[in-house]
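**Student:** To start, I am sharing the structure in question, which I have written as structure tokens.
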Amino acid sequence: MVLKIGKGASAPPFIVMDVIAAANARQAELAPGAPHIIRMEVGQPGTGAPAGAVAAAQAALRSGHPLGYTEAFGLRSLRHRIAAHAKDWYGIEPPIERIAVTVGASGAFPLAFLAAFDPGDRIAMAAPFYPPYVNILTALGMVPVIMEAGPETRFQPSIAMLEALDPRPDGLIVASPCNPAGTMLHRDELAAIAVWCDRNGVRLISDEIYHGLNYDSPIASAAEFSDSAVVVNSFSKYFSMTGWRIGWLVLPADLARPVECLAQNLFISAPYIAQVAAEAAFDCHDELRANIARYRRSRDHLLEALPKAGFSRLSPAEGAFYLFADIGDRSNDSAAFCARMLREVGVAVSPGVDFDRGRGNRFVRFSYCGPEDDMRAAAERLTHWQ
């Protein structure tokens, strides 16, 4: 008997996760006392959840509360805190009926895509991009439309790129700060793109999960400029809570009920305990700002040290905790280059093919959110590696 395999099973891999597995395997092979593998392959803060969030979770566990299902859109108290956060950071006041607490940003994207688009719809994005955008869209029967961006636009989309698309796409995904390049759409650029989308009937999806992790340029939210934009955010990056799997959506009015119905059926609700911790995290900004200071120090050191190690063509490090390095003068096979780096000097980084299917063979991504000592040690190892 031959069983059918669904189309979703053919979604491409998220190669970063394969690199994590390879780094774990390499660490397990090392002799006791050998230098450990330095992890620069994944955007997982080495700082951990803020103390107040952990304390709130511990208190909830001791309380005897059943910690069961919440509303599909999450605890109302958490949604009120998210709305207050939006007012504090952006000066906007979304009603909590349009705020959905999700199972991380990774759980938010399928909800947004399914509610906003139909199979066959064309959704544009700039390359390099976060790989699950393409992989999720493909699994859902939607068509990614890739616009190649380079240093001249800081690896971000532009109005000129959008105007060149024929036919017009049904949607556009932007990310600022972006993964993998760590660059930003500046306020006037994001505003112009939001206006262009509204005028052309293009649904804007704005990935804002790295907000708060900006060093020199101020952040802006797409929700400031468009009532039809979908905003995706997360507690994983600025709030340093990756494993808690908690994120949120700020939705336009027309998508709130469709997303709620999808969430009810696909996830029921985000985990209660993670929601309690997330709510408490909003009281931990002093600790979180100290984390950002660590990332900034690592960024500044790497911007000085990596060129001395032969990585001279780096993306502008405006936000997040990534550097996208052009290694075209050293290799035309970034996957093999990263594998050799892991094997020979014990530094795990991600090949660019995960983020750009056309040009990624000559790029690698460094993540610098790990411990400061590790980031300095990585630069030292690479300085002596050819």
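Chains: A, B, ... in order of the structure tokens. Residues: from 1 per chain. Ligands: from 1, in order shown.
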Residues near Phe113 of chain A, anyone? I mean within 9 Å using only C-alpha atoms, not counting same-chain ones fewer than 3 positions away, as a compact mmCIF listing (two decimals) with C-alpha atoms, in the first residue's frame.
**Tutor:**
```txt
# COMPACT_ATOMS: atom_id res chain seq x y z
CA ALA A 108 2.03 34.10 14.36
CA PHE A 109 3.19 33.88 10.75
CA PRO A 110 0.92 30.99 9.66
CA ALA A 116 -4.58 37.55 4.80
CA PHE A 117 -3.87 35.47 1.69
CA ASP A 118 -5.25 32.67 -0.47
CA ILE A 136 5.73 28.63 5.34
CA LEU A 137 4.27 30.45 2.35
CA LEU A 140 0.54 26.96 2.35
CA MET A 142 1.34 30.73 -1.74
CA ILE A 205 3.19 42.16 7.00
```
**Student:** What parts of segment 179-276 of chain A does DSSP call helix (DSSP H, G or I)? I'd like the answer as a PyMOL selection string.
**Tutor:** chain A and resi 187-200+222-224+242-244+253-266+272-276
**Student:** May I have the selected residues written with N, CA and C atoms, as a compact mmCIF listing (two decimals), in the first residue's frame?
**Tutor:**
```txt
# COMPACT_ATOMS: atom_id res chain seq x y z
N ARG A 187 12.56 55.35 9.44
CA ARG A 187 11.17 55.75 9.63
C ARG A 187 10.51 56.24 8.34
N ASP A 188 11.20 57.10 7.59
CA ASP A 188 10.60 57.63 6.37
C ASP A 188 10.46 56.54 5.31
N GLU A 189 11.38 55.60 5.29
CA GLU A 189 11.32 54.51 4.32
C GLU A 189 10.15 53.57 4.63
N LEU A 190 9.99 53.21 5.90
CA LEU A 190 8.87 52.34 6.28
C LEU A 190 7.54 53.04 6.02
N ALA A 191 7.45 54.32 6.34
CA ALA A 191 6.22 55.07 6.08
C ALA A 191 5.88 55.07 4.60
N ALA A 192 6.88 55.30 3.76
CA ALA A 192 6.64 55.33 2.31
C ALA A 192 6.17 53.97 1.80
N ILE A 193 6.76 52.90 2.30
CA ILE A 193 6.36 51.56 1.88
C ILE A 193 4.93 51.26 2.35
N ALA A 194 4.59 51.64 3.57
CA ALA A 194 3.24 51.41 4.07
C ALA A 194 2.21 52.15 3.23
N VAL A 195 2.49 53.40 2.87
CA VAL A 195 1.58 54.17 2.03
C VAL A 195 1.46 53.54 0.66
N TRP A 196 2.58 53.10 0.08
CA TRP A 196 2.55 52.45 -1.24
C TRP A 196 1.68 51.20 -1.19
N CYS A 197 1.82 50.40 -0.13
CA CYS A 197 1.01 49.18 -0.01
C CYS A 197 -0.47 49.51 0.06
N ASP A 198 -0.83 50.50 0.86
CA ASP A 198 -2.25 50.87 0.98
C ASP A 198 -2.81 51.36 -0.35
N ARG A 199 -2.04 52.15 -1.07
CA ARG A 199 -2.51 52.69 -2.35
C ARG A 199 -2.66 51.61 -3.41
N ASN A 200 -1.88 50.55 -3.29
CA ASN A 200 -1.88 49.52 -4.33
C ASN A 200 -2.59 48.24 -3.91
N ALA A 222 5.01 49.65 11.59
CA ALA A 222 4.13 49.81 10.43
C ALA A 222 2.73 50.23 10.84
N ALA A 223 2.32 49.86 12.06
CA ALA A 223 0.98 50.23 12.53
C ALA A 223 0.83 51.73 12.73
N GLU A 224 1.94 52.46 12.80
CA GLU A 224 1.86 53.92 12.88
C GLU A 224 1.39 54.53 11.56
N THR A 242 13.40 33.03 24.29
CA THR A 242 13.20 32.17 23.12
C THR A 242 12.41 30.91 23.44
N GLY A 243 12.84 30.16 24.44
CA GLY A 243 12.22 28.87 24.71
C GLY A 243 10.83 28.93 25.32
N TRP A 244 10.39 30.12 25.71
CA TRP A 244 9.05 30.26 26.28
C TRP A 244 7.98 30.23 25.20
N ALA A 253 -8.49 45.57 11.76
CA ALA A 253 -9.83 45.17 12.20
C ALA A 253 -10.41 44.04 11.36
N ASP A 254 -10.15 44.04 10.06
CA ASP A 254 -10.77 43.04 9.19
C ASP A 254 -10.18 41.65 9.36
N LEU A 255 -9.01 41.53 9.97
CA LEU A 255 -8.39 40.22 10.13
C LEU A 255 -8.50 39.66 11.55
N ALA A 256 -9.01 40.46 12.49
CA ALA A 256 -9.02 40.01 13.89
C ALA A 256 -9.85 38.74 14.07
N ARG A 257 -11.08 38.73 13.61
CA ARG A 257 -11.91 37.54 13.80
C ARG A 257 -11.40 36.36 12.98
N PRO A 258 -11.00 36.51 11.71
CA PRO A 258 -10.42 35.37 11.00
C PRO A 258 -9.22 34.76 11.72
N VAL A 259 -8.32 35.60 12.24
CA VAL A 259 -7.16 35.08 12.95
C VAL A 259 -7.60 34.38 14.24
N GLU A 260 -8.59 34.94 14.94
CA GLU A 260 -9.06 34.31 16.17
C GLU A 260 -9.61 32.91 15.90
N CYS A 261 -10.38 32.77 14.84
CA CYS A 261 -10.94 31.46 14.51
C CYS A 261 -9.84 30.47 14.16
N LEU A 262 -8.85 30.92 13.40
CA LEU A 262 -7.72 30.05 13.07
C LEU A 262 -6.98 29.65 14.34
N ALA A 263 -6.72 30.61 15.22
CA ALA A 263 -5.98 30.32 16.45
C ALA A 263 -6.73 29.31 17.32
N GLN A 264 -8.05 29.45 17.40
CA GLN A 264 -8.85 28.53 18.19
C GLN A 264 -8.65 27.09 17.72
N ASN A 265 -8.57 26.92 16.42
CA ASN A 265 -8.48 25.58 15.84
C ASN A 265 -7.06 25.04 15.76
N LEU A 266 -6.10 25.91 15.49
CA LEU A 266 -4.73 25.45 15.30
C LEU A 266 -3.95 25.33 16.61
N TYR A 272 -0.23 29.03 29.13
CA TYR A 272 -0.59 29.95 30.21
C TYR A 272 0.65 30.44 30.95
N ILE A 273 1.55 29.52 31.31
CA ILE A 273 2.71 29.89 32.12
C ILE A 273 3.61 30.87 31.38
N ALA A 274 3.74 30.70 30.06
CA ALA A 274 4.55 31.63 29.27
C ALA A 274 3.90 33.00 29.22
N GLN A 275 2.58 33.05 29.20
CA GLN A 275 1.89 34.34 29.20
C GLN A 275 2.10 35.09 30.51
N VAL A 276 2.08 34.37 31.61
CA VAL A 276 2.33 34.99 32.92
C VAL A 276 3.74 35.59 32.94
```
**Student:** Can you pull out the residues contacting Ala278 of chain A? Cut-off 12 Å, using only C-alpha atoms, and skip same-chain residues under 5 positions away; I want them as a JSON list (two decimals) with N, CA and C atoms, in the first residue's frame.
**Tutor:**
```
[["chain", "number", "residue", "atom", "x", "y", "z"],
["A", 49, "ALA", "N", 15.90, 34.59, 30.16],
["A", 49, "ALA", "CA", 14.70, 35.36, 30.51],
["A", 49, "ALA", "C", 15.00, 36.30, 31.67],
["A", 50, "PRO", "N", 14.38, 37.49, 31.69],
["A", 50, "PRO", "CA", 14.62, 38.42, 32.80],
["A", 50, "PRO", "C", 14.14, 37.83, 34.12],
["A", 51, "ALA", "N", 14.82, 38.23, 35.19],
["A", 51, "ALA", "CA", 14.56, 37.64, 36.51],
["A", 51, "ALA", "C", 13.11, 37.80, 36.93],
["A", 52, "GLY", "N", 12.50, 38.93, 36.63],
["A", 52, "GLY", "CA", 11.11, 39.14, 37.02],
["A", 52, "GLY", "C", 10.16, 38.19, 36.32],
["A", 53, "ALA", "N", 10.46, 37.84, 35.08],
["A", 53, "ALA", "CA", 9.62, 36.90, 34.34],
["A", 53, "ALA", "C", 9.73, 35.51, 34.95],
["A", 54, "VAL", "N", 10.94, 35.10, 35.28],
["A", 54, "VAL", "CA", 11.14, 33.79, 35.90],
["A", 54, "VAL", "C", 10.44, 33.72, 37.26],
["A", 55, "ALA", "N", 10.57, 34.79, 38.04],
["A", 55, "ALA", "CA", 9.93, 34.82, 39.36],
["A", 55, "ALA", "C", 8.41, 34.72, 39.24],
["A", 56, "ALA", "N", 7.84, 35.40, 38.25],
["A", 56, "ALA", "CA", 6.39, 35.35, 38.05],
["A", 56, "ALA", "C", 5.94, 33.94, 37.68],
["A", 57, "ALA", "N", 6.73, 33.26, 36.85],
["A", 57, "ALA", "CA", 6.39, 31.89, 36.47],
["A", 57, "ALA", "C", 6.48, 30.97, 37.68],
["A", 74, "GLY", "N", -5.34, 35.06, 24.15],
["A", 74, "GLY", "CA", -4.46, 35.19, 25.29],
["A", 74, "GLY", "C", -5.10, 35.89, 26.47],
["A", 75, "LEU", "N", -4.36, 35.93, 27.57],
["A", 75, "LEU", "CA", -4.83, 36.60, 28.78],
["A", 75, "LEU", "C", -5.09, 38.07, 28.51],
["A", 77, "SER", "N", -5.08, 40.48, 30.58],
["A", 77, "SER", "CA", -4.11, 41.33, 31.28],
["A", 77, "SER", "C", -2.83, 41.47, 30.46],
["A", 78, "LEU", "N", -2.38, 40.41, 29.81],
["A", 78, "LEU", "CA", -1.19, 40.49, 28.97],
["A", 78, "LEU", "C", -1.47, 41.36, 27.74],
["A", 79, "ARG", "N", -2.63, 41.22, 27.15],
["A", 79, "ARG", "CA", -2.95, 42.03, 25.97],
["A", 79, "ARG", "C", -3.02, 43.51, 26.32],
["A", 81, "ARG", "N", -1.15, 44.87, 28.60],
["A", 81, "ARG", "CA", 0.25, 45.28, 28.72],
["A", 81, "ARG", "C", 0.88, 45.49, 27.34],
["A", 82, "ILE", "N", 0.54, 44.64, 26.38],
["A", 82, "ILE", "CA", 1.05, 44.80, 25.02],
["A", 82, "ILE", "C", 0.54, 46.11, 24.42],
["A", 101, "VAL", "N", -2.15, 37.07, 21.28],
["A", 101, "VAL", "CA", -0.97, 36.41, 21.84],
["A", 101, "VAL", "C", -0.80, 35.08, 21.13],
["A", 102, "THR", "N", 0.40, 34.79, 20.68],
["A", 102, "THR", "CA", 0.64, 33.63, 19.82],
["A", 102, "THR", "C", 1.75, 32.74, 20.38],
["A", 103, "VAL", "N", 1.88, 31.57, 19.80],
["A", 103, "VAL", "CA", 2.93, 30.63, 20.18],
["A", 103, "VAL", "C", 4.22, 31.06, 19.47],
["A", 104, "GLY", "N", 4.81, 32.12, 19.99],
["A", 104, "GLY", "CA", 5.99, 32.70, 19.36],
["A", 104, "GLY", "C", 5.61, 33.41, 18.06],
["A", 234, "SER", "N", 7.45, 39.52, 19.19],
["A", 234, "SER", "CA", 7.81, 38.33, 19.94],
["A", 234, "SER", "C", 8.51, 38.72, 21.24],
["A", 235, "PHE", "N", 8.44, 37.82, 22.22],
["A", 235, "PHE", "CA", 9.20, 37.98, 23.45],
["A", 235, "PHE", "C", 10.57, 37.29, 23.36],
["A", 236, "SER", "N", 10.91, 36.75, 22.20],
["A", 236, "SER", "CA", 12.13, 35.94, 22.10],
["A", 236, "SER", "C", 13.40, 36.77, 22.08],
["A", 238, "TYR", "N", 14.28, 40.84, 22.13],
["A", 238, "TYR", "CA", 14.52, 41.90, 23.12],
["A", 238, "TYR", "C", 14.27, 41.38, 24.53],
["A", 239, "PHE", "N", 13.20, 40.60, 24.71],
["A", 239, "PHE", "CA", 12.85, 40.10, 26.03],
["A", 239, "PHE", "C", 13.62, 38.84, 26.41],
["A", 240, "SER", "N", 14.39, 38.29, 25.49],
["A", 240, "SER", "CA", 15.32, 37.19, 25.77],
["A", 240, "SER", "C", 14.61, 35.93, 26.26],
["A", 241, "MET", "N", 13.47, 35.59, 25.64],
["A", 241, "MET", "CA", 12.64, 34.47, 26.11],
["A", 241, "MET", "C", 12.36, 33.48, 24.99],
["A", 242, "THR", "N", 13.40, 33.03, 24.29],
["A", 242, "THR", "CA", 13.20, 32.17, 23.12],
["A", 242, "THR", "C", 12.41, 30.91, 23.44],
["A", 243, "GLY", "N", 12.84, 30.16, 24.44],
["A", 243, "GLY", "CA", 12.22, 28.87, 24.71],
["A", 243, "GLY", "C", 10.83, 28.93, 25.32],
["A", 244, "TRP", "N", 10.39, 30.12, 25.71],
["A", 244, "TRP", "CA", 9.05, 30.26, 26.28],
["A", 244, "TRP", "C", 7.98, 30.23, 25.20],
["A", 245, "ARG", "N", 8.36, 30.41, 23.96],
["A", 245, "ARG", "CA", 7.48, 30.35, 22.79],
["A", 245, "ARG", "C", 6.25, 31.24, 22.96],
["A", 246, "ILE", "N", 6.50, 32.54, 22.99],
["A", 246, "ILE", "CA", 5.42, 33.50, 23.20],
["A", 246, "ILE", "C", 5.65, 34.73, 22.33],
["A", 247, "GLY", "N", 4.65, 35.11, 21.56],
["A", 247, "GLY", "CA", 4.73, 36.28, 20.69],
["A", 247, "GLY", "C", 3.38, 36.94, 20.60],
["A", 248, "TRP", "N", 3.25, 37.89, 19.66],
["A", 248, "TRP", "CA", 1.95, 38.54, 19.51],
["A", 248, "TRP", "C", 1.80, 39.14, 18.11],
["A", 270, "ALA", "N", -1.86, 30.15, 23.50],
["A", 270, "ALA", "CA", -0.46, 30.06, 23.90],
["A", 270, "ALA", "C", -0.39, 29.53, 25.33],
["A", 271, "PRO", "N", 0.73, 28.92, 25.73],
["A", 271, "PRO", "CA", 0.83, 28.35, 27.08],
["A", 271, "PRO", "C", 0.59, 29.38, 28.17],
["A", 272, "TYR", "N", -0.23, 29.03, 29.13],
["A", 272, "TYR", "CA", -0.59, 29.95, 30.21],
["A", 272, "TYR", "C", 0.65, 30.44, 30.95],
["A", 273, "ILE", "N", 1.55, 29.52, 31.31],
["A", 273, "ILE", "CA", 2.71, 29.89, 32.12],
["A", 273, "ILE", "C", 3.61, 30.87, 31.38],
["A", 283, "ASP", "N", 8.02, 44.60, 33.08],
["A", 283, "ASP", "CA", 8.54, 45.36, 34.22],
["A", 283, "ASP", "C", 10.05, 45.21, 34.37],
["A", 284, "CYS", "N", 10.70, 44.66, 33.37],
["A", 284, "CYS", "CA", 12.12, 44.30, 33.49],
["A", 284, "CYS", "C", 13.01, 45.08, 32.53]]
```
**Student:** State, in Å with one decimal place, the distance from atom CA of Ala23 of chain A to atom CA of Glu344 of chain A.
**Tutor:** 12.2 Å
**Student:** Quick one: of A:Pro371, A:Pro316, A:Gly107, A:Gly212, who's nearest to Gly150 of chain A, counting only C-alpha atoms?
**Tutor:** A:Pro316
**Student:** Can you pull out the residues contacting Gly120 of chain A? Cut-off 12 Å, using only C-alpha atoms, and skip same-chain residues under 5 positions away; I want them as a PDB file with N, CA and C atoms, in the first residue's frame.
**Tutor:**
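Once everything was written out, this is part-v3.pdb:
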```pdb
ATOM      1  N   PHE A 113      -0.611  34.689   7.571  1.00  0.00           N
ATOM      2  CA  PHE A 113      -0.629  34.335   6.151  1.00  0.00           C
ATOM      3  C   PHE A 113      -1.958  33.698   5.754  1.00  0.00           C
ATOM      4  N   LEU A 114      -2.466  32.790   6.586  1.00  0.00           N
ATOM      5  CA  LEU A 114      -3.724  32.121   6.254  1.00  0.00           C
ATOM      6  C   LEU A 114      -4.901  33.093   6.261  1.00  0.00           C
ATOM      7  N   LEU A 137       5.106  30.068   3.486  1.00  0.00           N
ATOM      8  CA  LEU A 137       4.274  30.453   2.346  1.00  0.00           C
ATOM      9  C   LEU A 137       4.184  29.320   1.330  1.00  0.00           C
ATOM     10  N   THR A 138       5.313  28.691   1.039  1.00  0.00           N
ATOM     11  CA  THR A 138       5.340  27.597   0.069  1.00  0.00           C
ATOM     12  C   THR A 138       4.484  26.430   0.548  1.00  0.00           C
ATOM     13  N   ALA A 139       4.600  26.082   1.829  1.00  0.00           N
ATOM     14  CA  ALA A 139       3.810  24.983   2.374  1.00  0.00           C
ATOM     15  C   ALA A 139       2.318  25.275   2.319  1.00  0.00           C
ATOM     16  N   LEU A 140       1.950  26.568   2.390  1.00  0.00           N
ATOM     17  CA  LEU A 140       0.539  26.965   2.354  1.00  0.00           C
ATOM     18  C   LEU A 140       0.018  27.172   0.937  1.00  0.00           C
ATOM     19  N   GLY A 141       0.858  26.931  -0.063  1.00  0.00           N
ATOM     20  CA  GLY A 141       0.420  27.060  -1.452  1.00  0.00           C
ATOM     21  C   GLY A 141       0.458  28.475  -1.975  1.00  0.00           C
ATOM     22  N   MET A 142       1.181  29.350  -1.295  1.00  0.00           N
ATOM     23  CA  MET A 142       1.336  30.733  -1.744  1.00  0.00           C
ATOM     24  C   MET A 142       2.668  30.884  -2.465  1.00  0.00           C
ATOM     25  N   VAL A 143       2.842  31.985  -3.169  1.00  0.00           N
ATOM     26  CA  VAL A 143       3.986  32.129  -4.067  1.00  0.00           C
ATOM     27  C   VAL A 143       4.896  33.254  -3.565  1.00  0.00           C
ATOM     28  N   PRO A 144       6.078  32.938  -3.047  1.00  0.00           N
ATOM     29  CA  PRO A 144       7.023  33.992  -2.679  1.00  0.00           C
ATOM     30  C   PRO A 144       7.562  34.693  -3.923  1.00  0.00           C
ATOM     31  N   VAL A 145       7.653  36.005  -3.859  1.00  0.00           N
ATOM     32  CA  VAL A 145       8.222  36.817  -4.932  1.00  0.00           C
ATOM     33  C   VAL A 145       9.453  37.509  -4.356  1.00  0.00           C
ATOM     34  N   PRO A 169       2.234  42.447  -6.330  1.00  0.00           N
ATOM     35  CA  PRO A 169       2.011  41.322  -5.421  1.00  0.00           C
ATOM     36  C   PRO A 169       0.746  41.525  -4.595  1.00  0.00           C
ATOM     37  N   ASP A 170       0.298  40.450  -3.983  1.00  0.00           N
ATOM     38  CA  ASP A 170      -0.845  40.535  -3.069  1.00  0.00           C
ATOM     39  C   ASP A 170      -0.413  40.952  -1.664  1.00  0.00           C
ATOM     40  N   GLY A 171       0.837  40.703  -1.349  1.00  0.00           N
ATOM     41  CA  GLY A 171       1.339  41.042  -0.031  1.00  0.00           C
ATOM     42  C   GLY A 171       2.814  41.378  -0.075  1.00  0.00           C
TER      43      GLY A 171
END
```
**Student:** What separation in Å, quoted to one decimal, exists between atom CA of Arg376 of chain A and atom CA of Arg297 of chain A?
**Tutor:** 10.0 Å
**Student:** One number please: atom CA of Ala112 of chain A to atom CA of Ile268 of chain A, in Å, one decimal.
**Tutor:**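 For atom CA of Ala112 of chain A relative to atom CA of Ile268 of chain A, the distance reads 15.7 Å.
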**Student:** With only C-alpha atoms as the counted atoms, please give the residues lying no more than 6 Å from Cys369 of chain A, apart from itself and same-chain residues fewer than 4 positions off, as a list in words.
**Tutor:** Pro45, Tyr295 and Phe321 of chain A
**Student:** Pull N, CA and C atoms from the residues just selected and write them as a compact mmCIF listing (two decimals), in the first residue's frame.
**Tutor:**
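Output file part-v3.txt is given in full below:
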```
# COMPACT_ATOMS: atom_id res chain seq x y z
N PRO A 45 19.44 34.69 22.40
CA PRO A 45 20.19 35.45 23.38
C PRO A 45 20.80 34.57 24.46
N TYR A 295 25.16 43.33 23.92
CA TYR A 295 25.16 43.08 22.48
C TYR A 295 25.92 44.18 21.75
N PHE A 321 21.02 41.32 16.20
CA PHE A 321 22.36 40.93 16.66
C PHE A 321 23.03 40.04 15.62
```
